[in-house]
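One file, structure06.cif, is given below (mmCIF, N, CA and C atoms and all ligand atoms).
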data_target
loop_
_atom_site.label_atom_id
_atom_site.label_comp_id
_atom_site.auth_asym_id
_atom_site.auth_seq_id
_atom_site.Cartn_x
_atom_site.Cartn_y
_atom_site.Cartn_z
N MET A 61 -7.00 6.45 -32.54
CA MET A 61 -6.91 7.71 -31.79
C MET A 61 -7.23 7.46 -30.33
N SER A 62 -6.55 8.13 -29.48
CA SER A 62 -6.80 7.89 -28.08
C SER A 62 -7.81 8.90 -27.54
N LYS A 63 -8.56 8.43 -26.58
CA LYS A 63 -9.53 9.29 -25.93
C LYS A 63 -9.21 9.33 -24.45
N ALA A 64 -9.85 10.23 -23.74
CA ALA A 64 -9.63 10.33 -22.31
C ALA A 64 -8.14 10.40 -21.98
N ARG A 65 -7.41 11.06 -22.81
CA ARG A 65 -5.97 11.17 -22.64
C ARG A 65 -5.67 12.16 -21.53
N HIS A 66 -4.70 11.82 -20.73
CA HIS A 66 -4.34 12.74 -19.66
C HIS A 66 -3.56 13.92 -20.19
N ASP A 67 -3.72 15.01 -19.53
CA ASP A 67 -2.97 16.19 -19.91
C ASP A 67 -1.76 16.34 -19.00
N HIS A 68 -0.89 15.36 -19.03
CA HIS A 68 0.33 15.45 -18.23
C HIS A 68 1.38 16.15 -19.10
N SER A 69 1.14 17.41 -19.34
CA SER A 69 1.97 18.09 -20.34
C SER A 69 3.41 18.28 -19.86
N ASP A 70 3.61 18.14 -18.56
CA ASP A 70 4.96 18.33 -18.04
C ASP A 70 5.80 17.06 -18.20
N VAL A 71 5.15 15.97 -18.58
CA VAL A 71 5.86 14.71 -18.73
C VAL A 71 6.07 14.44 -20.21
N SER A 72 7.31 14.22 -20.61
CA SER A 72 7.52 13.82 -21.99
C SER A 72 7.79 12.32 -22.02
N LEU A 73 7.01 11.64 -22.81
CA LEU A 73 7.06 10.18 -22.84
C LEU A 73 8.03 9.71 -23.92
N THR A 74 8.66 8.59 -23.64
CA THR A 74 9.45 7.94 -24.67
C THR A 74 8.48 7.32 -25.68
N LYS A 75 9.03 6.88 -26.80
CA LYS A 75 8.18 6.29 -27.83
C LYS A 75 7.42 5.09 -27.27
N ASN A 76 8.13 4.22 -26.56
CA ASN A 76 7.47 3.02 -26.02
C ASN A 76 6.40 3.39 -25.00
N GLN A 77 6.71 4.36 -24.15
CA GLN A 77 5.72 4.79 -23.15
C GLN A 77 4.47 5.34 -23.83
N ALA A 78 4.67 6.13 -24.90
CA ALA A 78 3.54 6.71 -25.61
C ALA A 78 2.70 5.60 -26.27
N LEU A 79 3.37 4.59 -26.81
CA LEU A 79 2.65 3.48 -27.44
C LEU A 79 1.81 2.73 -26.41
N VAL A 80 2.41 2.45 -25.25
CA VAL A 80 1.70 1.73 -24.20
C VAL A 80 0.53 2.57 -23.69
N MET A 81 0.77 3.86 -23.54
CA MET A 81 -0.30 4.76 -23.07
C MET A 81 -1.46 4.76 -24.05
N ASP A 82 -1.15 4.81 -25.34
CA ASP A 82 -2.21 4.81 -26.36
C ASP A 82 -2.99 3.50 -26.32
N ALA A 83 -2.27 2.39 -26.15
CA ALA A 83 -2.96 1.10 -26.12
C ALA A 83 -3.93 1.06 -24.94
N LEU A 84 -3.53 1.58 -23.80
CA LEU A 84 -4.39 1.56 -22.62
C LEU A 84 -5.52 2.58 -22.71
N ALA A 85 -5.23 3.73 -23.30
CA ALA A 85 -6.24 4.79 -23.37
C ALA A 85 -7.43 4.36 -24.22
N ASP A 86 -7.18 3.46 -25.17
CA ASP A 86 -8.26 3.01 -26.05
C ASP A 86 -9.08 1.87 -25.45
N GLU A 87 -8.68 1.38 -24.30
CA GLU A 87 -9.34 0.20 -23.72
C GLU A 87 -10.24 0.56 -22.56
N GLU A 88 -11.39 -0.05 -22.51
CA GLU A 88 -12.26 0.07 -21.35
C GLU A 88 -11.81 -0.87 -20.25
N GLU A 89 -11.34 -2.02 -20.65
CA GLU A 89 -10.97 -3.04 -19.67
C GLU A 89 -9.47 -2.99 -19.39
N PRO A 90 -9.08 -3.40 -18.19
CA PRO A 90 -7.65 -3.46 -17.90
C PRO A 90 -6.96 -4.50 -18.77
N LEU A 91 -5.71 -4.24 -19.10
CA LEU A 91 -4.94 -5.14 -19.95
C LEU A 91 -3.75 -5.68 -19.20
N SER A 92 -3.44 -6.94 -19.43
CA SER A 92 -2.20 -7.49 -18.89
C SER A 92 -1.05 -6.99 -19.75
N ALA A 93 0.16 -7.09 -19.21
CA ALA A 93 1.33 -6.64 -19.96
C ALA A 93 1.44 -7.40 -21.28
N TYR A 94 1.07 -8.67 -21.27
CA TYR A 94 1.17 -9.46 -22.50
C TYR A 94 0.12 -9.05 -23.52
N ALA A 95 -1.07 -8.67 -23.05
CA ALA A 95 -2.11 -8.18 -23.97
C ALA A 95 -1.65 -6.87 -24.60
N ILE A 96 -0.97 -6.05 -23.81
CA ILE A 96 -0.44 -4.79 -24.34
C ILE A 96 0.61 -5.08 -25.40
N LEU A 97 1.49 -6.03 -25.08
CA LEU A 97 2.55 -6.40 -26.03
C LEU A 97 1.93 -6.88 -27.35
N ASP A 98 0.89 -7.70 -27.25
CA ASP A 98 0.21 -8.20 -28.46
C ASP A 98 -0.28 -7.06 -29.34
N ARG A 99 -0.84 -6.03 -28.70
CA ARG A 99 -1.38 -4.91 -29.46
C ARG A 99 -0.28 -4.06 -30.07
N LEU A 100 0.91 -4.14 -29.51
CA LEU A 100 1.97 -3.23 -29.96
C LEU A 100 3.02 -3.90 -30.84
N ARG A 101 2.83 -5.19 -31.10
CA ARG A 101 3.81 -5.88 -31.95
C ARG A 101 3.93 -5.20 -33.30
N ALA A 102 2.79 -4.76 -33.84
CA ALA A 102 2.79 -4.10 -35.15
C ALA A 102 3.59 -2.80 -35.11
N HIS A 103 3.78 -2.25 -33.90
CA HIS A 103 4.53 -1.00 -33.77
C HIS A 103 6.00 -1.26 -33.45
N GLY A 104 6.39 -2.52 -33.47
CA GLY A 104 7.81 -2.82 -33.32
C GLY A 104 8.22 -3.26 -31.92
N LEU A 105 7.27 -3.33 -30.98
CA LEU A 105 7.65 -3.83 -29.66
C LEU A 105 7.66 -5.35 -29.70
N ARG A 106 8.74 -5.92 -29.20
CA ARG A 106 8.90 -7.36 -29.27
C ARG A 106 9.05 -7.99 -27.89
N ALA A 107 9.71 -7.28 -26.99
CA ALA A 107 10.12 -7.89 -25.73
C ALA A 107 9.19 -7.45 -24.59
N PRO A 108 8.75 -8.41 -23.78
CA PRO A 108 7.94 -8.05 -22.61
C PRO A 108 8.62 -6.99 -21.76
N LEU A 109 9.95 -7.05 -21.67
CA LEU A 109 10.67 -6.10 -20.83
C LEU A 109 10.43 -4.66 -21.27
N GLN A 110 10.31 -4.46 -22.60
CA GLN A 110 10.04 -3.10 -23.11
C GLN A 110 8.71 -2.59 -22.57
N VAL A 111 7.73 -3.50 -22.52
CA VAL A 111 6.41 -3.12 -22.03
C VAL A 111 6.46 -2.89 -20.52
N TYR A 112 7.12 -3.79 -19.81
CA TYR A 112 7.21 -3.65 -18.35
C TYR A 112 7.90 -2.34 -17.95
N ARG A 113 8.98 -2.02 -18.66
CA ARG A 113 9.69 -0.78 -18.33
C ARG A 113 8.80 0.43 -18.55
N ALA A 114 8.10 0.44 -19.69
CA ALA A 114 7.22 1.57 -20.00
C ALA A 114 6.10 1.65 -18.96
N LEU A 115 5.54 0.50 -18.59
CA LEU A 115 4.46 0.48 -17.60
C LEU A 115 4.94 1.02 -16.26
N ASP A 116 6.13 0.58 -15.83
CA ASP A 116 6.69 1.05 -14.56
C ASP A 116 6.73 2.57 -14.52
N GLN A 117 7.22 3.15 -15.60
CA GLN A 117 7.33 4.61 -15.65
C GLN A 117 5.95 5.26 -15.66
N LEU A 118 5.04 4.73 -16.46
CA LEU A 118 3.70 5.32 -16.54
C LEU A 118 2.98 5.23 -15.21
N VAL A 119 3.19 4.12 -14.49
CA VAL A 119 2.59 3.98 -13.16
C VAL A 119 3.20 5.03 -12.22
N SER A 120 4.52 5.23 -12.33
CA SER A 120 5.15 6.19 -11.43
C SER A 120 4.72 7.62 -11.77
N TYR A 121 4.36 7.89 -13.02
CA TYR A 121 3.83 9.22 -13.39
C TYR A 121 2.37 9.38 -12.96
N GLY A 122 1.73 8.29 -12.56
CA GLY A 122 0.32 8.36 -12.19
C GLY A 122 -0.62 8.31 -13.38
N MET A 123 -0.10 8.00 -14.54
CA MET A 123 -0.95 7.97 -15.74
C MET A 123 -1.61 6.61 -15.93
N VAL A 124 -1.01 5.61 -15.30
CA VAL A 124 -1.52 4.24 -15.41
C VAL A 124 -1.61 3.67 -14.00
N HIS A 125 -2.66 2.90 -13.74
CA HIS A 125 -2.78 2.22 -12.46
C HIS A 125 -2.62 0.72 -12.68
N ARG A 126 -2.04 0.08 -11.67
CA ARG A 126 -1.93 -1.37 -11.72
C ARG A 126 -2.99 -1.96 -10.81
N LEU A 127 -3.77 -2.87 -11.34
CA LEU A 127 -4.73 -3.60 -10.54
C LEU A 127 -4.05 -4.85 -10.04
N GLU A 128 -3.72 -4.84 -8.76
CA GLU A 128 -2.91 -5.92 -8.21
C GLU A 128 -3.60 -7.27 -8.38
N SER A 129 -4.90 -7.32 -8.08
CA SER A 129 -5.56 -8.62 -8.04
C SER A 129 -5.73 -9.21 -9.44
N LEU A 130 -5.76 -8.36 -10.45
CA LEU A 130 -5.91 -8.86 -11.83
C LEU A 130 -4.58 -8.90 -12.55
N ASN A 131 -3.54 -8.37 -11.90
CA ASN A 131 -2.25 -8.22 -12.53
C ASN A 131 -2.41 -7.58 -13.91
N ALA A 132 -3.15 -6.48 -13.93
CA ALA A 132 -3.45 -5.82 -15.19
C ALA A 132 -3.36 -4.31 -15.00
N PHE A 133 -3.35 -3.62 -16.10
CA PHE A 133 -3.09 -2.18 -16.08
C PHE A 133 -4.23 -1.43 -16.76
N LEU A 134 -4.44 -0.21 -16.26
CA LEU A 134 -5.56 0.60 -16.74
C LEU A 134 -5.10 2.05 -16.78
N ALA A 135 -5.47 2.74 -17.86
CA ALA A 135 -5.16 4.17 -17.91
C ALA A 135 -5.95 4.88 -16.82
N CYS A 136 -5.33 5.85 -16.16
CA CYS A 136 -6.03 6.62 -15.13
C CYS A 136 -7.20 7.35 -15.76
N ARG A 137 -8.36 7.25 -15.11
CA ARG A 137 -9.57 7.89 -15.64
C ARG A 137 -9.92 9.14 -14.86
N ASN A 138 -9.08 9.52 -13.94
CA ASN A 138 -9.38 10.70 -13.14
C ASN A 138 -9.49 11.92 -14.06
N PRO A 139 -10.68 12.50 -14.15
CA PRO A 139 -10.87 13.58 -15.12
C PRO A 139 -10.05 14.84 -14.80
N THR A 140 -9.66 15.00 -13.53
CA THR A 140 -8.90 16.20 -13.19
C THR A 140 -7.46 16.09 -13.68
N GLY A 141 -7.01 14.85 -13.91
CA GLY A 141 -5.64 14.68 -14.34
C GLY A 141 -4.63 14.83 -13.22
N ASP A 142 -5.12 15.10 -12.00
CA ASP A 142 -4.19 15.21 -10.87
C ASP A 142 -3.62 13.85 -10.55
N PRO A 143 -2.33 13.76 -10.34
CA PRO A 143 -1.79 12.48 -9.89
C PRO A 143 -2.32 12.17 -8.50
N HIS A 144 -2.60 10.93 -8.25
CA HIS A 144 -3.15 10.60 -6.93
C HIS A 144 -2.55 9.29 -6.45
N THR A 145 -2.32 9.26 -5.13
CA THR A 145 -1.68 8.08 -4.57
C THR A 145 -2.70 7.11 -4.01
N THR A 146 -3.93 7.57 -3.85
CA THR A 146 -4.99 6.66 -3.43
C THR A 146 -5.94 6.47 -4.59
N VAL A 147 -6.18 5.24 -4.94
CA VAL A 147 -7.07 4.99 -6.06
C VAL A 147 -7.97 3.81 -5.71
N ALA A 148 -9.23 3.93 -6.10
CA ALA A 148 -10.19 2.87 -5.83
C ALA A 148 -10.84 2.43 -7.14
N PHE A 149 -11.02 1.14 -7.27
CA PHE A 149 -11.67 0.60 -8.45
C PHE A 149 -12.85 -0.26 -8.05
N THR A 150 -13.87 -0.24 -8.88
CA THR A 150 -14.91 -1.25 -8.77
C THR A 150 -14.67 -2.25 -9.91
N ILE A 151 -14.74 -3.52 -9.57
CA ILE A 151 -14.49 -4.57 -10.56
C ILE A 151 -15.70 -5.50 -10.58
N CYS A 152 -16.40 -5.55 -11.70
CA CYS A 152 -17.56 -6.43 -11.80
C CYS A 152 -17.09 -7.84 -12.11
N HIS A 153 -17.54 -8.79 -11.31
CA HIS A 153 -17.05 -10.16 -11.52
C HIS A 153 -17.81 -10.87 -12.64
N GLN A 154 -18.85 -10.21 -13.17
CA GLN A 154 -19.57 -10.84 -14.29
C GLN A 154 -19.04 -10.37 -15.64
N CYS A 155 -18.98 -9.06 -15.81
CA CYS A 155 -18.57 -8.55 -17.13
C CYS A 155 -17.14 -7.99 -17.11
N ASN A 156 -16.51 -8.02 -15.93
CA ASN A 156 -15.13 -7.53 -15.79
C ASN A 156 -14.99 -6.03 -16.01
N GLN A 157 -16.10 -5.33 -15.98
CA GLN A 157 -15.99 -3.89 -16.15
C GLN A 157 -15.29 -3.29 -14.93
N VAL A 158 -14.34 -2.42 -15.20
CA VAL A 158 -13.59 -1.77 -14.12
C VAL A 158 -13.81 -0.27 -14.21
N SER A 159 -14.18 0.34 -13.10
CA SER A 159 -14.32 1.79 -13.06
C SER A 159 -13.45 2.34 -11.96
N GLU A 160 -12.91 3.51 -12.23
CA GLU A 160 -12.09 4.17 -11.23
C GLU A 160 -12.95 5.14 -10.43
N ILE A 161 -12.83 5.07 -9.13
CA ILE A 161 -13.56 5.98 -8.26
C ILE A 161 -12.59 7.05 -7.77
N THR A 162 -12.99 8.29 -7.93
CA THR A 162 -12.18 9.38 -7.40
C THR A 162 -12.98 10.06 -6.30
N ASP A 163 -12.45 10.05 -5.12
CA ASP A 163 -13.16 10.64 -4.00
C ASP A 163 -12.14 11.14 -2.99
N ASP A 164 -12.08 12.45 -2.85
CA ASP A 164 -11.10 13.05 -1.95
C ASP A 164 -11.29 12.61 -0.50
N ARG A 165 -12.56 12.32 -0.14
CA ARG A 165 -12.81 11.89 1.25
C ARG A 165 -12.10 10.58 1.53
N LEU A 166 -12.08 9.72 0.51
CA LEU A 166 -11.41 8.43 0.66
C LEU A 166 -9.93 8.63 0.97
N THR A 167 -9.31 9.49 0.18
CA THR A 167 -7.89 9.75 0.34
C THR A 167 -7.59 10.32 1.73
N SER A 168 -8.38 11.32 2.14
CA SER A 168 -8.05 11.94 3.43
C SER A 168 -8.35 10.98 4.58
N ARG A 169 -9.39 10.16 4.42
CA ARG A 169 -9.72 9.18 5.46
C ARG A 169 -8.61 8.14 5.61
N ILE A 170 -8.16 7.61 4.49
CA ILE A 170 -7.11 6.60 4.53
C ILE A 170 -5.84 7.19 5.14
N ASN A 171 -5.51 8.41 4.70
CA ASN A 171 -4.30 9.04 5.24
C ASN A 171 -4.42 9.28 6.74
N SER A 172 -5.60 9.66 7.21
CA SER A 172 -5.72 9.94 8.65
C SER A 172 -5.73 8.62 9.44
N ILE A 173 -6.32 7.58 8.88
CA ILE A 173 -6.26 6.27 9.55
C ILE A 173 -4.81 5.80 9.65
N ALA A 174 -4.08 5.98 8.54
CA ALA A 174 -2.68 5.56 8.53
C ALA A 174 -1.87 6.34 9.57
N ARG A 175 -2.10 7.67 9.60
CA ARG A 175 -1.40 8.49 10.58
C ARG A 175 -1.74 8.05 12.00
N GLY A 176 -3.01 7.71 12.21
CA GLY A 176 -3.44 7.23 13.52
C GLY A 176 -2.72 5.95 13.92
N ASN A 177 -2.25 5.22 12.93
CA ASN A 177 -1.49 4.00 13.21
C ASN A 177 0.01 4.22 13.06
N ASP A 178 0.38 5.51 13.10
CA ASP A 178 1.78 5.88 13.03
C ASP A 178 2.43 5.32 11.77
N PHE A 179 1.73 5.50 10.67
CA PHE A 179 2.23 4.96 9.41
C PHE A 179 2.07 6.02 8.33
N THR A 180 3.08 6.14 7.47
CA THR A 180 3.00 7.09 6.36
C THR A 180 2.86 6.33 5.05
N PRO A 181 1.67 6.32 4.50
CA PRO A 181 1.48 5.56 3.26
C PRO A 181 2.06 6.29 2.05
N SER A 182 2.61 5.56 1.10
CA SER A 182 3.05 6.18 -0.14
C SER A 182 2.02 5.99 -1.23
N LYS A 183 1.33 4.89 -1.21
CA LYS A 183 0.22 4.74 -2.14
C LYS A 183 -0.72 3.65 -1.64
N SER A 184 -1.97 3.72 -2.10
CA SER A 184 -2.89 2.64 -1.76
C SER A 184 -3.85 2.42 -2.92
N THR A 185 -4.14 1.17 -3.14
CA THR A 185 -5.06 0.79 -4.21
C THR A 185 -6.16 -0.04 -3.59
N ILE A 186 -7.39 0.39 -3.77
CA ILE A 186 -8.53 -0.32 -3.21
C ILE A 186 -9.30 -0.95 -4.36
N GLU A 187 -9.55 -2.23 -4.25
CA GLU A 187 -10.27 -2.92 -5.30
C GLU A 187 -11.57 -3.48 -4.72
N LEU A 188 -12.67 -2.91 -5.17
CA LEU A 188 -13.98 -3.36 -4.71
C LEU A 188 -14.52 -4.34 -5.74
N ARG A 189 -14.76 -5.57 -5.29
CA ARG A 189 -15.27 -6.58 -6.23
C ARG A 189 -16.75 -6.79 -5.98
N GLY A 190 -17.49 -6.93 -7.05
CA GLY A 190 -18.92 -7.12 -6.90
C GLY A 190 -19.60 -7.13 -8.25
N ILE A 191 -20.76 -6.52 -8.30
CA ILE A 191 -21.54 -6.57 -9.53
C ILE A 191 -21.93 -5.15 -9.94
N CYS A 192 -21.79 -4.86 -11.22
CA CYS A 192 -22.08 -3.51 -11.71
C CYS A 192 -23.58 -3.35 -11.94
N ALA A 193 -24.00 -2.11 -12.12
CA ALA A 193 -25.43 -1.82 -12.26
C ALA A 193 -26.02 -2.55 -13.47
N ARG A 194 -25.27 -2.58 -14.56
CA ARG A 194 -25.77 -3.18 -15.78
C ARG A 194 -26.06 -4.69 -15.57
N CYS A 195 -25.10 -5.37 -14.96
CA CYS A 195 -25.28 -6.81 -14.73
C CYS A 195 -26.38 -7.06 -13.69
N ARG A 196 -26.44 -6.19 -12.69
CA ARG A 196 -27.46 -6.35 -11.65
C ARG A 196 -28.84 -6.18 -12.25
N ASN A 197 -29.01 -5.18 -13.10
CA ASN A 197 -30.30 -4.93 -13.72
C ASN A 197 -30.69 -6.04 -14.70
N ALA A 198 -29.69 -6.62 -15.35
CA ALA A 198 -29.97 -7.69 -16.30
C ALA A 198 -30.53 -8.91 -15.60
N LYS A 199 -30.20 -9.06 -14.32
CA LYS A 199 -30.63 -10.24 -13.56
C LYS A 199 -32.07 -10.11 -13.10
N GLU A 200 -32.46 -8.85 -12.86
CA GLU A 200 -33.77 -8.65 -12.22
C GLU A 200 -34.91 -8.79 -13.22
ZN ZN A 301 -6.41 7.46 -11.48
ZN ZN A 302 -21.00 -6.13 -14.87
#

Can the structure from this file be put into structure tokens for me?
Ligand SMILES: [Zn+2]
Ligand SMILES: [Zn+2]
Amino acid sequence: MSKARHDHSDVSLTKNQALVMDALADEEEPLSAYAILDRLRAHGLRAPLQVYRALDQLVSYGMVHRLESLNAFLACRNPTGDPHTTVAFTICHQCNQVSEITDDRLTSRINSIARGNDFTPSKSTIELRGICARCRNAKE
């Protein structure tokens, strides 16, 4: 069963998209396309292209984010369910825990900086690498 599922009720997903979404919704950690394929073989997905196509669409719907530096995918955790073009993640380099940060100030700041540079951004992904509270506390 999936948890933290988005309420994108206006979007109807294909079977493959729904399978990929379910695989990601059940994961705390980001998954590579091949890890997703592995989980979905039992459901009849065989070709990486099927997964890539589904991921492309889910990313364009804003339901899935791509972490460029990890080349991995994560279900959007934004509790409001609003699609957003600016997304920030914290990535712990010890336990690989990834959290999504939602902050409207970030979005408006980035957009105003971009406008100040005469640039219209379509999307931005910020990846903050460091150490999470759990790992930091374990060290002390
Ligand atoms: Zn998100
Ligand atoms: Zn950690």

Could you list, as a PyMOL selection string, every residue within 6.5 Å of region 132-146 of chain A, counting all atoms listed in the file and ignoring same-chain residues fewer than 6 positions away?
chain A and resi 66-67+84-85+89-93+121-126+160+167+182-186

Which residues sit within 8 Å of ligand ZN 302 (chain A), counting all atoms listed in the file, listed as a PyMOL selection string?
chain A and resi 151-158+190-196

From the options A:Ser120, A:Ser129, A:Thr74, A:Thr162, which residue's atoms come nearest to ligand ZN 301 (chain A), counting all atoms listed in the file?
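Nearest to ligand ZN 301 (chain A): A:Thr162.
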
Restricting the calculation to all atoms listed in the file: of A:Leu127, A:Val147, A:Leu100, A:Leu118, which residue gets closest to ligand ZN 301 (chain A)?
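Using all atoms listed in the file, ligand ZN 301 (chain A) sits closest to A:Val147.
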
Write down as an mmCIF file with N, CA and C atoms, in the frame of the given file the residues belonging to chain A that are assigned strand (DSSP E) by DSSP computed on the backbone.
data_model
loop_
_atom_site.group_PDB
_atom_site.id
_atom_site.type_symbol
_atom_site.label_atom_id
_atom_site.label_comp_id
_atom_site.auth_asym_id
_atom_site.auth_seq_id
_atom_site.Cartn_x
_atom_site.Cartn_y
_atom_site.Cartn_z
ATOM 1 N N VAL A 124 -1.010 5.610 -15.300
ATOM 2 C CA VAL A 124 -1.520 4.240 -15.410
ATOM 3 C C VAL A 124 -1.610 3.670 -14.000
ATOM 4 N N HIS A 125 -2.660 2.900 -13.740
ATOM 5 C CA HIS A 125 -2.780 2.220 -12.460
ATOM 6 C C HIS A 125 -2.620 0.720 -12.680
ATOM 7 N N ARG A 126 -2.040 0.080 -11.670
ATOM 8 C CA ARG A 126 -1.930 -1.370 -11.720
ATOM 9 C C ARG A 126 -2.990 -1.960 -10.810
ATOM 10 N N LEU A 127 -3.770 -2.870 -11.340
ATOM 11 C CA LEU A 127 -4.730 -3.600 -10.540
ATOM 12 C C LEU A 127 -4.050 -4.850 -10.040
ATOM 13 N N ALA A 132 -3.150 -6.480 -13.930
ATOM 14 C CA ALA A 132 -3.450 -5.820 -15.190
ATOM 15 C C ALA A 132 -3.360 -4.310 -15.000
ATOM 16 N N PHE A 133 -3.350 -3.620 -16.100
ATOM 17 C CA PHE A 133 -3.090 -2.180 -16.080
ATOM 18 C C PHE A 133 -4.230 -1.430 -16.760
ATOM 19 N N LEU A 134 -4.440 -0.210 -16.260
ATOM 20 C CA LEU A 134 -5.560 0.600 -16.740
ATOM 21 C C LEU A 134 -5.100 2.050 -16.780
ATOM 22 N N ALA A 135 -5.470 2.740 -17.860
ATOM 23 C CA ALA A 135 -5.160 4.170 -17.910
ATOM 24 C C ALA A 135 -5.950 4.880 -16.820
ATOM 25 N N THR A 146 -3.930 7.570 -3.850
ATOM 26 C CA THR A 146 -4.990 6.660 -3.430
ATOM 27 C C THR A 146 -5.940 6.470 -4.590
ATOM 28 N N VAL A 147 -6.180 5.240 -4.940
ATOM 29 C CA VAL A 147 -7.070 4.990 -6.060
ATOM 30 C C VAL A 147 -7.970 3.810 -5.710
ATOM 31 N N ALA A 148 -9.230 3.930 -6.100
ATOM 32 C CA ALA A 148 -10.190 2.870 -5.830
ATOM 33 C C ALA A 148 -10.840 2.430 -7.140
ATOM 34 N N PHE A 149 -11.020 1.140 -7.270
ATOM 35 C CA PHE A 149 -11.670 0.600 -8.450
ATOM 36 C C PHE A 149 -12.850 -0.260 -8.050
ATOM 37 N N THR A 150 -13.870 -0.240 -8.880
ATOM 38 C CA THR A 150 -14.910 -1.250 -8.770
ATOM 39 C C THR A 150 -14.670 -2.250 -9.910
ATOM 40 N N ILE A 151 -14.740 -3.520 -9.570
ATOM 41 C CA ILE A 151 -14.490 -4.570 -10.560
ATOM 42 C C ILE A 151 -15.700 -5.500 -10.580
ATOM 43 N N CYS A 152 -16.400 -5.550 -11.700
ATOM 44 C CA CYS A 152 -17.560 -6.430 -11.800
ATOM 45 C C CYS A 152 -17.090 -7.840 -12.110
ATOM 46 N N VAL A 158 -14.340 -2.420 -15.200
ATOM 47 C CA VAL A 158 -13.590 -1.770 -14.120
ATOM 48 C C VAL A 158 -13.810 -0.270 -14.210
ATOM 49 N N SER A 159 -14.180 0.340 -13.100
ATOM 50 C CA SER A 159 -14.320 1.790 -13.060
ATOM 51 C C SER A 159 -13.450 2.340 -11.960
ATOM 52 N N GLU A 160 -12.910 3.510 -12.230
ATOM 53 C CA GLU A 160 -12.090 4.170 -11.230
ATOM 54 C C GLU A 160 -12.950 5.140 -10.430
ATOM 55 N N ILE A 161 -12.830 5.070 -9.130
ATOM 56 C CA ILE A 161 -13.560 5.980 -8.260
ATOM 57 C C ILE A 161 -12.590 7.050 -7.770
ATOM 58 N N SER A 184 -1.970 3.720 -2.100
ATOM 59 C CA SER A 184 -2.890 2.640 -1.760
ATOM 60 C C SER A 184 -3.850 2.420 -2.920
ATOM 61 N N THR A 185 -4.140 1.170 -3.140
ATOM 62 C CA THR A 185 -5.060 0.790 -4.210
ATOM 63 C C THR A 185 -6.160 -0.040 -3.590
ATOM 64 N N ILE A 186 -7.390 0.390 -3.770
ATOM 65 C CA ILE A 186 -8.530 -0.320 -3.210
ATOM 66 C C ILE A 186 -9.300 -0.950 -4.360
ATOM 67 N N GLU A 187 -9.550 -2.230 -4.250
ATOM 68 C CA GLU A 187 -10.270 -2.920 -5.300
ATOM 69 C C GLU A 187 -11.570 -3.480 -4.720
ATOM 70 N N LEU A 188 -12.670 -2.910 -5.170
ATOM 71 C CA LEU A 188 -13.980 -3.360 -4.710
ATOM 72 C C LEU A 188 -14.520 -4.340 -5.740
ATOM 73 N N ARG A 189 -14.760 -5.570 -5.290
ATOM 74 C CA ARG A 189 -15.270 -6.580 -6.230
ATOM 75 C C ARG A 189 -16.750 -6.790 -5.980
ATOM 76 N N GLY A 190 -17.490 -6.930 -7.050
ATOM 77 C CA GLY A 190 -18.920 -7.120 -6.900
ATOM 78 C C GLY A 190 -19.600 -7.130 -8.250
#
